Amino acid sequence: MLNYFFYKYIIPYGGFLFIKIISSTYRFRFLGLENEKAALQERGAVIYGGWHQRLFSGITPFAQRKPIVITISESRDGEYIAKIAELVGWHTVRGSSSRGGSKAFRELKAFAKNGYNIAHIVDGPQGPPEVIKPGLLRIARATGLPIVPAAVSPQKKWVFNSWDRFMIPKPFSKIIVRFGESVHVSKSMSKNDLEKERQRIEKQLKIMIHETDLIWEDG
């Protein structure tokens with residue numbers, strides 16, 4: 001009973017309070033807003049794609065892009081992460097490539113039909129890091145929504161010894177959110193064409209992250 005209460009209430013609400021307090025100190029700067037605007041004007045909604053490593057940095061700015069939905073794994077950790085996400089203002093669907101993926105995919109298609117933006121962690125939930133999984137293009141092909149690569153770069157951060165070197169921006173850090181040019185995935189694309197497109201988006205996102213991180217080094 002105590003364990004249930006801890007995971008059901010203490011962790012989610014404690015996590016939400018932590019995010020709310022620390023995020024209120026962040027200062028956000030947006031680049032490439034014209035890319036996001038053009039994609040939204042075209043279809044009314046988009047798929048934001050970014051690395052798992054930078055997820056925490058983007059919680060607040062992407063929660064403001066309502067209505068928005070994100071897929072979270074069906075693991076126990078995913079249970080309280082999903083609860084935190086919902087408290088922050090996200091809609092969630094549960095599933096991953098290893099468990100519940102088909103159900104999550106159907107739910108995402110339904111959300112897209114109702115005008116929801118989709119946030120997709122392209123290398124999550126367990127990596128390998130900075131390798132885009134096929135799910136991103138599968139979602140884009142099924143929904144018809146354009147992919148908008150998103151690079152999020154905190155100036156000052158804690159870096160954890162996890163599989164992706166997960167980052168949490170330090171209090172009062174500046175954070176850059178940069179949107180790349182949108183990518184369209186045709187339903188007629190062959191398997192080979194989809195793989196080439198996956199590699200191209202992966203390269204684009206890596207370049208965006210590298211160039212955005214360099215802004216802090218250049219002062």
# chains A, B, ... in the order shown; residues from 1 in each chain; ligands from 1
>>> residues_around(residues="A:Thr143", least_positions_apart="3", cutoff="7 Å", atoms="only C-alpha atoms", output="PDB file with C-alpha atoms, in the first residue's frame")
ATOM      1  CA  LYS A 109      -3.372   8.535 -35.631  1.00  0.00           C
ATOM      2  CA  ALA A 112      -3.547  13.604 -35.353  1.00  0.00           C
ATOM      3  CA  ILE A 139       3.970   7.973 -37.809  1.00  0.00           C
ATOM      4  CA  ALA A 140       4.602  10.699 -40.387  1.00  0.00           C
TER       5      ALA A 140
END
>>> residues_around(residues="A:His91", least_positions_apart="5", cutoff="7 Å", atoms="only C-alpha atoms", output="MDAnalysis selection string")
chainID A and resid 68:70 86
>>> write_last_selection(atoms="C-alpha atoms", output="mmCIF file, in the first residue's frame")
data_model
loop_
_atom_site.group_PDB
_atom_site.id
_atom_site.type_symbol
_atom_site.label_atom_id
_atom_site.label_comp_id
_atom_site.auth_asym_id
_atom_site.auth_seq_id
_atom_site.Cartn_x
_atom_site.Cartn_y
_atom_site.Cartn_z
ATOM 1 C CA ILE A 68 0.075 18.054 -28.033
ATOM 2 C CA VAL A 69 0.511 14.341 -27.390
ATOM 3 C CA ILE A 70 3.555 12.218 -26.585
ATOM 4 C CA GLU A 86 -0.251 15.034 -17.957
#
>>> residues_around(residues="stretch 74-81 of chain A", least_positions_apart="5", cutoff="6 Å", atoms="only C-alpha atoms", output="VMD selection string")
chain A and resid 12 94 to 95
>>> residues_around(residues="A:Glu195", least_positions_apart="5", cutoff="10 Å", atoms="only C-alpha atoms", output="list of chain:residue names")
A:Lys133, A:Pro134, A:Leu137, A:Met189, A:Ser190, A:Arg200, A:Ile201
>>> write_last_selection(atoms="C-alpha atoms", output="PDB file, in the first residue's frame")
ATOM      1  CA  LYS A 133      14.180   4.687 -34.974  1.00  0.00           C
ATOM      2  CA  PRO A 134      11.774   3.847 -37.832  1.00  0.00           C
ATOM      3  CA  LEU A 137       8.734   7.995 -40.306  1.00  0.00           C
ATOM      4  CA  MET A 189       7.927   5.843 -50.383  1.00  0.00           C
ATOM      5  CA  SER A 190       9.647   2.479 -50.676  1.00  0.00           C
ATOM      6  CA  ARG A 200      18.943  12.282 -43.720  1.00  0.00           C
ATOM      7  CA  ILE A 201      16.767  13.504 -40.831  1.00  0.00           C
TER       8      ILE A 201
END
>>> select_by_dssp(residues="stretch 74-117 of chain A", states="alpha helix (DSSP H)", output="number ranges by chain")
A: 76-88, 101-113
>>> closest_residue(among="A:His120, A:Arg27, A:Arg106, A:His184", to="A:Gly135", atoms="only C-alpha atoms")
A:His120
>>> residues_around(residues="A:Lys203", least_positions_apart="6", cutoff="12 Å", atoms="only C-alpha atoms", output="list in words")
Glu130, Val131, Ile132, Pro149, Gly180, Lys196, Glu197, Ile209 and His210 of chain A
>>> residues_around(residues="A:Ala119", least_positions_apart="2", cutoff="9 Å", atoms="only C-alpha atoms", output="VMD selection string")
chain A and resid 46 to 50 62 68 to 71 117 121
>>> write_last_selection(atoms="N, CA and C atoms", output="PDB file, in the first residue's frame")
ATOM      1  N   VAL A  46       1.882  19.285 -36.472  1.00  0.00           N
ATOM      2  CA  VAL A  46       3.185  18.771 -36.891  1.00  0.00           C
ATOM      3  C   VAL A  46       3.635  17.662 -35.948  1.00  0.00           C
ATOM      4  N   ILE A  47       4.705  16.992 -36.351  1.00  0.00           N
ATOM      5  CA  ILE A  47       5.393  16.035 -35.482  1.00  0.00           C
ATOM      6  C   ILE A  47       6.734  16.651 -35.103  1.00  0.00           C
ATOM      7  N   TYR A  48       6.935  16.956 -33.825  1.00  0.00           N
ATOM      8  CA  TYR A  48       8.221  17.452 -33.348  1.00  0.00           C
ATOM      9  C   TYR A  48       9.107  16.251 -33.026  1.00  0.00           C
ATOM     10  N   GLY A  49      10.312  16.226 -33.582  1.00  0.00           N
ATOM     11  CA  GLY A  49      11.221  15.122 -33.321  1.00  0.00           C
ATOM     12  C   GLY A  49      12.498  15.589 -32.659  1.00  0.00           C
ATOM     13  N   GLY A  50      12.866  14.969 -31.538  1.00  0.00           N
ATOM     14  CA  GLY A  50      14.081  15.355 -30.834  1.00  0.00           C
ATOM     15  C   GLY A  50      14.675  14.202 -30.052  1.00  0.00           C
ATOM     16  N   PHE A  62       7.339  22.944 -25.182  1.00  0.00           N
ATOM     17  CA  PHE A  62       6.496  22.116 -26.033  1.00  0.00           C
ATOM     18  C   PHE A  62       5.138  21.847 -25.405  1.00  0.00           C
ATOM     19  N   ILE A  68      -1.106  18.839 -27.681  1.00  0.00           N
ATOM     20  CA  ILE A  68       0.075  18.054 -28.033  1.00  0.00           C
ATOM     21  C   ILE A  68       0.051  16.723 -27.286  1.00  0.00           C
ATOM     22  N   VAL A  69       0.532  15.683 -27.950  1.00  0.00           N
ATOM     23  CA  VAL A  69       0.511  14.341 -27.390  1.00  0.00           C
ATOM     24  C   VAL A  69       1.892  13.712 -27.528  1.00  0.00           C
ATOM     25  N   ILE A  70       2.259  12.888 -26.567  1.00  0.00           N
ATOM     26  CA  ILE A  70       3.555  12.218 -26.585  1.00  0.00           C
ATOM     27  C   ILE A  70       3.374  10.752 -26.192  1.00  0.00           C
ATOM     28  N   THR A  71       4.194   9.877 -26.773  1.00  0.00           N
ATOM     29  CA  THR A  71       4.158   8.453 -26.436  1.00  0.00           C
ATOM     30  C   THR A  71       5.142   8.163 -25.310  1.00  0.00           C
ATOM     31  N   ASN A 117      -0.743  18.207 -32.199  1.00  0.00           N
ATOM     32  CA  ASN A 117       0.672  18.061 -32.502  1.00  0.00           C
ATOM     33  C   ASN A 117       1.176  16.786 -31.823  1.00  0.00           C
ATOM     34  N   ILE A 121      10.037  11.245 -29.270  1.00  0.00           N
ATOM     35  CA  ILE A 121      11.426  11.078 -28.864  1.00  0.00           C
ATOM     36  C   ILE A 121      12.032  10.037 -29.800  1.00  0.00           C
TER      37      ILE A 121
END
>>> select_by_dssp(residues="stretch 7-121 of chain A", states="strand (DSSP E)", output="ChimeraX atom specification")
/A:27-31,47-50,68-72,91-94,117-121
>>> atom_distance(atom1="atom CA of A:Ile176", atom2="atom CA of A:Leu33")
11.7 Å
>>> atom_distance(atom1="atom CA of A:Glu107", atom2="atom CA of A:Arg65")
18.9 Å
>>> closest_residue(among="A:Gln199, A:Ser23, A:Asn114, A:Gln41", to="A:Ser57", atoms="only C-alpha atoms")
A:Ser23
>>> residues_around(residues="A:Gln126", least_positions_apart="4", cutoff="9 Å", atoms="only C-alpha atoms", output="list of chain:residue names")
A:His52, A:Trp163, A:Asp164
>>> closest_residue(among="A:Ile84, A:Pro128, A:Ala142, A:Glu36", to="A:Gly14", atoms="only C-alpha atoms")
A:Ile84
>>> atom_distance(atom1="atom CA of A:Ala38", atom2="atom CA of A:Val183")
11.5 Å
>>> closest_residue(among="A:Lys170, A:Lys206, A:Arg178, A:Arg198", to="A:Ile19", atoms="only C-alpha atoms")
A:Lys170
>>> closest_residue(among="A:Ile207, A:Ala110, A:Leu40, A:Ile118", to="A:Pro67", atoms="only C-alpha atoms")
A:Ile118
>>> closest_residue(among="A:Phe166, A:Trp90, A:Trp216, A:Phe179", to="A:Gln53", atoms="only C-alpha atoms")
A:Phe166
>>> decode(residues="stretch 134-182 of chain A", atoms="N, CA and C atoms", output="JSON list (two decimals), in the first residue's frame")
[["chain", "number", "residue", "atom", "x", "y", "z"],
["A", 134, "PRO", "N", 12.73, 3.76, -36.72],
["A", 134, "PRO", "CA", 11.77, 3.85, -37.83],
["A", 134, "PRO", "C", 10.41, 4.40, -37.46],
["A", 135, "GLY", "N", 10.06, 4.38, -36.17],
["A", 135, "GLY", "CA", 8.74, 4.84, -35.74],
["A", 135, "GLY", "C", 8.41, 6.25, -36.17],
["A", 136, "LEU", "N", 9.41, 7.12, -36.21],
["A", 136, "LEU", "CA", 9.18, 8.52, -36.58],
["A", 136, "LEU", "C", 8.58, 8.61, -37.98],
["A", 137, "LEU", "N", 9.20, 7.93, -38.93],
["A", 137, "LEU", "CA", 8.73, 7.99, -40.31],
["A", 137, "LEU", "C", 7.42, 7.23, -40.48],
["A", 138, "ARG", "N", 7.25, 6.18, -39.71],
["A", 138, "ARG", "CA", 6.00, 5.43, -39.78],
["A", 138, "ARG", "C", 4.83, 6.31, -39.35],
["A", 139, "ILE", "N", 5.02, 7.07, -38.29],
["A", 139, "ILE", "CA", 3.97, 7.97, -37.81],
["A", 139, "ILE", "C", 3.70, 9.06, -38.84],
["A", 140, "ALA", "N", 4.76, 9.63, -39.40],
["A", 140, "ALA", "CA", 4.60, 10.70, -40.39],
["A", 140, "ALA", "C", 3.88, 10.21, -41.63],
["A", 141, "ARG", "N", 4.21, 9.00, -42.09],
["A", 141, "ARG", "CA", 3.57, 8.46, -43.30],
["A", 141, "ARG", "C", 2.09, 8.17, -43.05],
["A", 142, "ALA", "N", 1.78, 7.68, -41.85],
["A", 142, "ALA", "CA", 0.40, 7.31, -41.55],
["A", 142, "ALA", "C", -0.50, 8.53, -41.31],
["A", 143, "THR", "N", 0.05, 9.57, -40.68],
["A", 143, "THR", "CA", -0.76, 10.74, -40.32],
["A", 143, "THR", "C", -0.74, 11.83, -41.39],
["A", 144, "GLY", "N", 0.29, 11.83, -42.24],
["A", 144, "GLY", "CA", 0.43, 12.88, -43.23],
["A", 144, "GLY", "C", 0.97, 14.18, -42.67],
["A", 145, "LEU", "N", 1.37, 14.17, -41.39],
["A", 145, "LEU", "CA", 1.88, 15.39, -40.76],
["A", 145, "LEU", "C", 3.37, 15.56, -41.08],
["A", 146, "PRO", "N", 3.81, 16.81, -41.28],
["A", 146, "PRO", "CA", 5.24, 17.06, -41.50],
["A", 146, "PRO", "C", 6.04, 16.89, -40.22],
["A", 147, "ILE", "N", 7.27, 16.44, -40.38],
["A", 147, "ILE", "CA", 8.19, 16.33, -39.25],
["A", 147, "ILE", "C", 8.96, 17.64, -39.11],
["A", 148, "VAL", "N", 8.99, 18.19, -37.92],
["A", 148, "VAL", "CA", 9.80, 19.39, -37.63],
["A", 148, "VAL", "C", 10.89, 18.98, -36.65],
["A", 149, "PRO", "N", 12.14, 18.82, -37.12],
["A", 149, "PRO", "CA", 13.24, 18.50, -36.20],
["A", 149, "PRO", "C", 13.41, 19.60, -35.17],
["A", 150, "ALA", "N", 13.61, 19.22, -33.92],
["A", 150, "ALA", "CA", 13.70, 20.20, -32.83],
["A", 150, "ALA", "C", 14.98, 19.98, -32.03],
["A", 151, "ALA", "N", 15.83, 21.01, -32.00],
["A", 151, "ALA", "CA", 17.06, 20.96, -31.22],
["A", 151, "ALA", "C", 16.89, 21.84, -29.99],
["A", 152, "VAL", "N", 17.10, 21.27, -28.81],
["A", 152, "VAL", "CA", 16.96, 22.02, -27.56],
["A", 152, "VAL", "C", 18.31, 22.02, -26.87],
["A", 153, "SER", "N", 18.82, 23.22, -26.58],
["A", 153, "SER", "CA", 20.18, 23.33, -26.05],
["A", 153, "SER", "C", 20.23, 24.21, -24.80],
["A", 154, "PRO", "N", 20.44, 23.62, -23.63],
["A", 154, "PRO", "CA", 20.59, 24.42, -22.41],
["A", 154, "PRO", "C", 22.03, 24.94, -22.27],
["A", 155, "GLN", "N", 22.16, 26.15, -21.76],
["A", 155, "GLN", "CA", 23.50, 26.74, -21.58],
["A", 155, "GLN", "C", 24.25, 26.08, -20.42],
["A", 156, "LYS", "N", 23.56, 25.90, -19.30],
["A", 156, "LYS", "CA", 24.16, 25.29, -18.12],
["A", 156, "LYS", "C", 23.29, 24.10, -17.72],
["A", 157, "LYS", "N", 23.92, 22.95, -17.49],
["A", 157, "LYS", "CA", 23.13, 21.76, -17.22],
["A", 157, "LYS", "C", 23.87, 20.75, -16.37],
["A", 158, "TRP", "N", 23.07, 19.89, -15.76],
["A", 158, "TRP", "CA", 23.60, 18.68, -15.15],
["A", 158, "TRP", "C", 23.52, 17.57, -16.19],
["A", 159, "VAL", "N", 24.56, 16.77, -16.28],
["A", 159, "VAL", "CA", 24.58, 15.66, -17.24],
["A", 159, "VAL", "C", 24.71, 14.36, -16.45],
["A", 160, "PHE", "N", 23.80, 13.44, -16.66],
["A", 160, "PHE", "CA", 23.75, 12.20, -15.89],
["A", 160, "PHE", "C", 24.45, 11.06, -16.62],
["A", 161, "ASN", "N", 24.89, 10.08, -15.87],
["A", 161, "ASN", "CA", 25.61, 8.95, -16.43],
["A", 161, "ASN", "C", 24.62, 7.87, -16.88],
["A", 162, "SER", "N", 23.74, 8.24, -17.80],
["A", 162, "SER", "CA", 22.74, 7.33, -18.34],
["A", 162, "SER", "C", 23.11, 6.96, -19.77],
["A", 163, "TRP", "N", 22.31, 6.12, -20.40],
["A", 163, "TRP", "CA", 22.64, 5.65, -21.75],
["A", 163, "TRP", "C", 22.74, 6.78, -22.76],
["A", 164, "ASP", "N", 22.02, 7.88, -22.51],
["A", 164, "ASP", "CA", 22.02, 9.00, -23.46],
["A", 164, "ASP", "C", 22.67, 10.26, -22.91],
["A", 165, "ARG", "N", 23.28, 10.15, -21.70],
["A", 165, "ARG", "CA", 23.86, 11.34, -21.05],
["A", 165, "ARG", "C", 22.77, 12.40, -20.86],
["A", 166, "PHE", "N", 21.69, 11.99, -20.19],
["A", 166, "PHE", "CA", 20.50, 12.82, -20.01],
["A", 166, "PHE", "C", 20.85, 14.16, -19.34],
["A", 167, "MET", "N", 20.22, 15.22, -19.82],
["A", 167, "MET", "CA", 20.51, 16.57, -19.33],
["A", 167, "MET", "C", 19.32, 17.17, -18.59],
["A", 168, "ILE", "N", 19.62, 17.88, -17.52],
["A", 168, "ILE", "CA", 18.64, 18.74, -16.85],
["A", 168, "ILE", "C", 19.27, 20.12, -16.73],
["A", 169, "PRO", "N", 18.65, 21.15, -17.31],
["A", 169, "PRO", "CA", 19.21, 22.50, -17.19],
["A", 169, "PRO", "C", 19.25, 22.96, -15.74],
["A", 170, "LYS", "N", 20.30, 23.65, -15.38],
["A", 170, "LYS", "CA", 20.42, 24.19, -14.03],
["A", 170, "LYS", "C", 19.48, 25.40, -13.87],
["A", 171, "PRO", "N", 19.12, 25.72, -12.63],
["A", 171, "PRO", "CA", 18.25, 26.88, -12.42],
["A", 171, "PRO", "C", 18.83, 28.14, -13.07],
["A", 172, "PHE", "N", 17.94, 28.93, -13.67],
["A", 172, "PHE", "CA", 18.26, 30.20, -14.31],
["A", 172, "PHE", "C", 19.09, 30.04, -15.59],
["A", 173, "SER", "N", 19.15, 28.83, -16.10],
["A", 173, "SER", "CA", 19.87, 28.61, -17.36],
["A", 173, "SER", "C", 19.08, 29.20, -18.52],
["A", 174, "LYS", "N", 19.80, 29.63, -19.54],
["A", 174, "LYS", "CA", 19.20, 29.99, -20.82],
["A", 174, "LYS", "C", 19.07, 28.72, -21.64],
["A", 175, "ILE", "N", 17.99, 28.63, -22.41],
["A", 175, "ILE", "CA", 17.75, 27.44, -23.23],
["A", 175, "ILE", "C", 17.32, 27.89, -24.63],
["A", 176, "ILE", "N", 18.00, 27.36, -25.63],
["A", 176, "ILE", "CA", 17.63, 27.64, -27.02],
["A", 176, "ILE", "C", 16.78, 26.49, -27.55],
["A", 177, "VAL", "N", 15.66, 26.84, -28.16],
["A", 177, "VAL", "CA", 14.82, 25.87, -28.85],
["A", 177, "VAL", "C", 14.85, 26.23, -30.33],
["A", 178, "ARG", "N", 15.35, 25.33, -31.15],
["A", 178, "ARG", "CA", 15.54, 25.61, -32.57],
["A", 178, "ARG", "C", 14.77, 24.62, -33.42],
["A", 179, "PHE", "N", 14.00, 25.16, -34.37],
["A", 179, "PHE", "CA", 13.21, 24.33, -35.27],
["A", 179, "PHE", "C", 13.86, 24.28, -36.65],
["A", 180, "GLY", "N", 14.00, 23.07, -37.17],
["A", 180, "GLY", "CA", 14.57, 22.90, -38.50],
["A", 180, "GLY", "C", 13.49, 22.93, -39.57],
["A", 181, "GLU", "N", 13.92, 22.86, -40.82],
["A", 181, "GLU", "CA", 12.98, 22.83, -41.93],
["A", 181, "GLU", "C", 12.17, 21.53, -41.88],
["A", 182, "SER", "N", 10.90, 21.64, -42.20],
["A", 182, "SER", "CA", 10.01, 20.48, -42.11],
["A", 182, "SER", "C", 10.35, 19.42, -43.16]]
